[in-house]
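Q: I have a structure here, written as structure tokens, and I will follow up with some questions on it.
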Amino acid sequence: MSRAETLWISGPVLRARPEGPFRLRESVRVGEDALLGEVIRIARDEITVQLYEDTSGLRPGVLVEGSGELLSIRLGPALLGGIFDGLLRPIAEISDPYVKPGMRLQDARVFQFKPSVRVGESIGPGQPLGEIANGSGIAQRCLVPPDQAPGRVTMIVDPGEYADDQPLCWIETPEGRQSGVAMTQDWPVRVPRPVQARLSADEPMLTGQRVIDSLFPVARGGTGAIPGGFGTGKTVLLETVAKWCNAEIIVYIGCGERGNELAGLLDEITELEDPRSGRPLLERTVVIANTSNMPVSAREASIYTGITVAEFFRDQGLHVTLMADSTSRWAEALREVSGRLGELPGEAGYPAYLSSRLADFYERAARVRTLGGEVGSVTLLGAVSPPSGDFSEPVTTHTKRYIGSLWGLDVRRAQARFYPAIHPLQSYSLVAQSLARWWHTTGCTRWQELRRRFLTLLEEEARLERMARIIGRDAMPARQRLVLLCAQLINESFLRQSAFSLNDRYASPARQAVMMRLIGSFIEGSERLLEAGVPPEAIRDAPVFRRLLRMGEEIPDGDWETFSVLDRELSATIRQLVNQAREESATAAETSP
């Protein structure tokens with residue numbers, strides 16, 4: 001074990017004179033309280049250590065002890081339902097409300113284990129040894145660690161209850177070395193876990209929010225960002241996605257948010273009910289809470305901790321959604337540590353390697369075939385908090401380079417109580433084309449066409465709204481008034497979604513497809529009416545228009561008959577108005593001289 005003597009310390013960074021070999025990214029213990037740190041720089045006669053705990057009271061001369069291992073976290077079945085700090089140390093089970101220095105891993109817990117291998121079988125890295133029951137309804141597996149050499153099973157325990165740190169199986173390699181495998185395993189946070197292959201992202205991660213799933217979808221195993229100013233609803237949107245998305249595991253990282261905000265979120269998430277099982281949502285959630293008043297370097301490590309946890313569940317063949325709230329606070333931690341190191345600042349004071357660090361994070365999202373042959377995925381959603389809602393600031397700009405979907409939150413929409421406050425002209429999805437086949441297989445064969453039509457109308461509405469404010473809507477040509485009317489229907493009936501309505505808080509893909517087709521029929525019918533000389537106000541004043549505006553809240557999911565009735569009513573109203581216009585035209589022609 002190598003040692004070093006502290007020479008200089010500033011905040012979370014210290015420099016020490018080594019008395020033995022250290023390796024880059026090695027975890028160390030500092031001082032009498034054994035504060036956790038990591039070697040981030042090695043010079044000829046000096047090492048630089050980044051500490052993940054409060055350094056108050058440290059002074060030159062304090063001893064630094066190396067572990068010989070990379071900075072790692074302990075992964076296991078006890079993670080689900082837990083609340084941890086940025087280095088996966090439990091913070092919800094201690095009686096003292098304050099985080100104490102030198103915190104350690106949580107105590108061993110007992111789980112039911114059922115083996116799936118026998119003595120004498122050959123087994124390799126990443127393959128399952130058996131199933132673990134933890135009472136949450138999520139089927140977890142005990143896997144051979146990815147860095148374990150393949151070998152032959154020489155011992156396996158009988159079904160029963162065992163501590164999660166107790167060896168359950170012994171594996172002998174061809175060289176004759178034996179090693180025990182427990183339910184828990186350590187893994188370096190900055191090293192991606194290996195897989196057999198990365199698969200194409202050809203199916204969406206469904207959220208139940210129409211503006212996301214139908215207009216700006218994110219692929220399962222893809223990446224998305226949610227930039228928005230203060231009060232635009234980033235955290236609320238992430239909570240909604242966590243509750244309704246079709247992921248089996250949720251990993252939530254509260255990265256640098258205010259303590260009262262995170263406390264409120266933890267209070268809410270413990271009361272949320274999982275709509276799929278009726279059990280508490282927390283049972284299939286891992287919460288990593290690192291508030292702004294906790295050590296800044298631990299905030300920097302928290303997103304790597306979160307993605308490592310997500311990869312652990314992905315390797316079990318599960319679909320995981322990771323939410324980082326927010327990456328802007330993480331970037332601020334990078335900036336502060338960089339300043340302590342005396343590095344040359346880049347744009348807005350952020351370090352020059354900000355872009356590469358963001359890339360390292362987002363590239364770990366994937367839909368993969370695991371070492372055990374299962375298919376799993378990690379979908380990354382990162383909230384961004386640009387100052388004053390400025391999307392041109394460095395964190396937002398660099399994030400755009402590495403994501404497949406952007407859901408830009410608009411302050412005006414949020415102030416108008418428009419939820420979700422996603423602005424359709426500030427958002428995009430680069431993976432929409434690759435997801436079109438999936439929508440076709442679900443029955444929405446016109447998804448691409450309708451999506452393009454909706455976005456075109458919304459863009460025209462933004463242009464015409466400026467004109468309407470100057471000359472008034474009544475003075476605009478009939479075709480332009482029709483564009484504004486159709487865009488109003490898209491906004492109010494489709495993009496706006498009430499989280500308080502039992503019918504409207506979630507929309508299945510089939511329901512979204514039916515609503516898109518109905519709105520598409522309205523747009524096409526309105527154009528026919530315009531060609532027949534019927535003004536847009538005639539269809540706007542018809543009862544069917546008000547029913548279309550309210551169909552999201554009034555028609556429950558699965559009530560296809562009511563949607564069919566509304567469709568027939570729309571067709572009948574359009575035919576009636578067209579016939580009425582023709583009769584009026586014929587009457588006018590007969591009476592004209």
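Simple scheme: letters A, B, ... for chains in structure tokens order, numbers from 1 for residues in each chain, numbers from 1 for ligands in the order shown.
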Identify, on the basis of only C-alpha atoms, every residue whose closest approach to Thr235 of chain A does not exceed 10 Å; exclude the query and any residue fewer than 6 positions from it along the same chain; express the result as a list in words.
A: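 Selected residues are Ile226, Val241, Gly254, Glu261, Leu262, Leu265, Met323, Ala324, Asp325, Ser326 and Ala383 of chain A.
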Q: Need the shell around Arg177 of chain A: protein/DNA/RNA residues with any atom at most 10 Å away, counting only C-alpha atoms. Skip same-chain ones fewer than 5 positions apart. Format as a list in words?
A: Ala149, Gly151, Ile171 and Glu172 of chain A
Q: Could you turn the residues from that selection into a file that holds N, CA and C atoms, as a PDB file, in the first residue's frame?
A:
```
ATOM      1  N   ALA A 149     -12.631 -14.228 -15.120  1.00  0.00           N
ATOM      2  CA  ALA A 149     -12.206 -15.157 -16.167  1.00  0.00           C
ATOM      3  C   ALA A 149     -13.182 -16.327 -16.256  1.00  0.00           C
ATOM      4  N   GLY A 151     -14.643 -20.114 -16.472  1.00  0.00           N
ATOM      5  CA  GLY A 151     -14.169 -21.309 -15.780  1.00  0.00           C
ATOM      6  C   GLY A 151     -15.288 -22.296 -15.553  1.00  0.00           C
ATOM      7  N   ILE A 171     -15.821 -20.469  -8.720  1.00  0.00           N
ATOM      8  CA  ILE A 171     -15.479 -20.756 -10.120  1.00  0.00           C
ATOM      9  C   ILE A 171     -13.984 -21.019 -10.213  1.00  0.00           C
ATOM     10  N   GLU A 172     -13.633 -22.102 -10.882  1.00  0.00           N
ATOM     11  CA  GLU A 172     -12.232 -22.472 -11.074  1.00  0.00           C
ATOM     12  C   GLU A 172     -11.855 -22.245 -12.531  1.00  0.00           C
TER      13      GLU A 172
END
```
Q: Can you check which parts of segment 320-390 of chain A lie within 8 Å of segment 300-310 of chain A? Per residue, the shortest pair of atoms and distance in Å to one decimal, counting only C-alpha atoms, sorted by chain and number, as a tab-separated table.
A:
```
residue	atom	partner	partner_atom	distance
A:Val320	CA	A:Ala310	CA	6.2
A:Thr321	CA	A:Ala310	CA	7.6
A:Leu322	CA	A:Ala310	CA	6.8
A:Ala324	CA	A:Ile303	CA	7.0
A:Trp330	CA	A:Glu300	CA	5.4
A:Ala331	CA	A:Glu300	CA	7.6
A:Ala333	CA	A:Glu300	CA	5.7
A:Leu334	CA	A:Glu300	CA	6.3
A:Phe361	CA	A:Tyr304	CA	7.2
A:Arg364	CA	A:Ile307	CA	7.4
A:Val378	CA	A:Ala310	CA	6.5
```
Q: Counting only C-alpha atoms, which residue out of A:Glu531, A:Glu569, A:Glu363, A:Glu131 sits closest to Arg198 of chain A?
A: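 Selected residue with least distance to Arg198 of chain A: A:Glu363.
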Q: For segment 459-542 of chain A versus segment 546-551 of chain A, which residues have an atom no more than 12 Å away, and what is each residue's nearest atom pair and distance in Å rounded to one decimal, using only C-alpha atoms, chain-then-number order, as CSV?
A:
```
residue,atom,partner,partner_atom,distance
A:Leu485,CA,A:Leu549,CA,11.2
A:Cys486,CA,A:Leu549,CA,10.8
A:Ala487,CA,A:Leu549,CA,11.5
A:Gln488,CA,A:Leu549,CA,8.9
A:Leu489,CA,A:Leu549,CA,6.2
A:Ile490,CA,A:Leu549,CA,8.6
A:Asn491,CA,A:Leu549,CA,9.2
A:Glu492,CA,A:Leu549,CA,6.3
A:Ser493,CA,A:Leu549,CA,4.7
A:Phe494,CA,A:Leu549,CA,8.3
A:Leu495,CA,A:Leu549,CA,10.9
A:Arg496,CA,A:Leu549,CA,10.1
A:Gln497,CA,A:Arg550,CA,10.5
A:Ser498,CA,A:Arg550,CA,10.9
A:Ser501,CA,A:Arg550,CA,11.5
A:Asn503,CA,A:Met551,CA,9.5
A:Asp504,CA,A:Met551,CA,8.9
A:Ala507,CA,A:Met551,CA,11.6
A:Arg511,CA,A:Met551,CA,10.6
A:Gln512,CA,A:Met551,CA,11.2
A:Val514,CA,A:Met551,CA,10.8
A:Met515,CA,A:Met551,CA,8.2
A:Met516,CA,A:Leu548,CA,11.0
A:Arg517,CA,A:Leu548,CA,11.6
A:Leu518,CA,A:Leu548,CA,8.2
A:Ile519,CA,A:Leu548,CA,7.9
A:Gly520,CA,A:Leu548,CA,11.5
A:Ser521,CA,A:Leu548,CA,11.1
A:Phe522,CA,A:Leu548,CA,9.0
A:Ile523,CA,A:Leu548,CA,11.8
A:Ile539,CA,A:Arg546,CA,10.0
A:Arg540,CA,A:Arg546,CA,7.9
A:Asp541,CA,A:Arg546,CA,8.1
A:Ala542,CA,A:Arg546,CA,7.4
```
Q: If you run DSSP over the backbone, which residues in segment 77-151 of chain A end up strand (DSSP E or B)? Put them as a list in words.
A: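 Answer for segment 77-151 of chain A restricted to strand (DSSP E or B) is Ile83, Phe84, Pro90, Val110, Phe111, Gln112, Phe113, Lys114, Pro115, Ser122, Ile123, Pro128, Leu129, Gly130, Glu131, Ile132, Ala133, Gln140, Arg141, Cys142, Leu143 and Gly151 of chain A.
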Q: In terms of the shortest atom-to-atom distance over only C-alpha atoms, which of A:Asp315, A:Glu26, A:Pro188, A:Asp85 is closest to Cys142 of chain A?
A: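 For Cys142 of chain A, the nearest of the given residues is A:Asp315.
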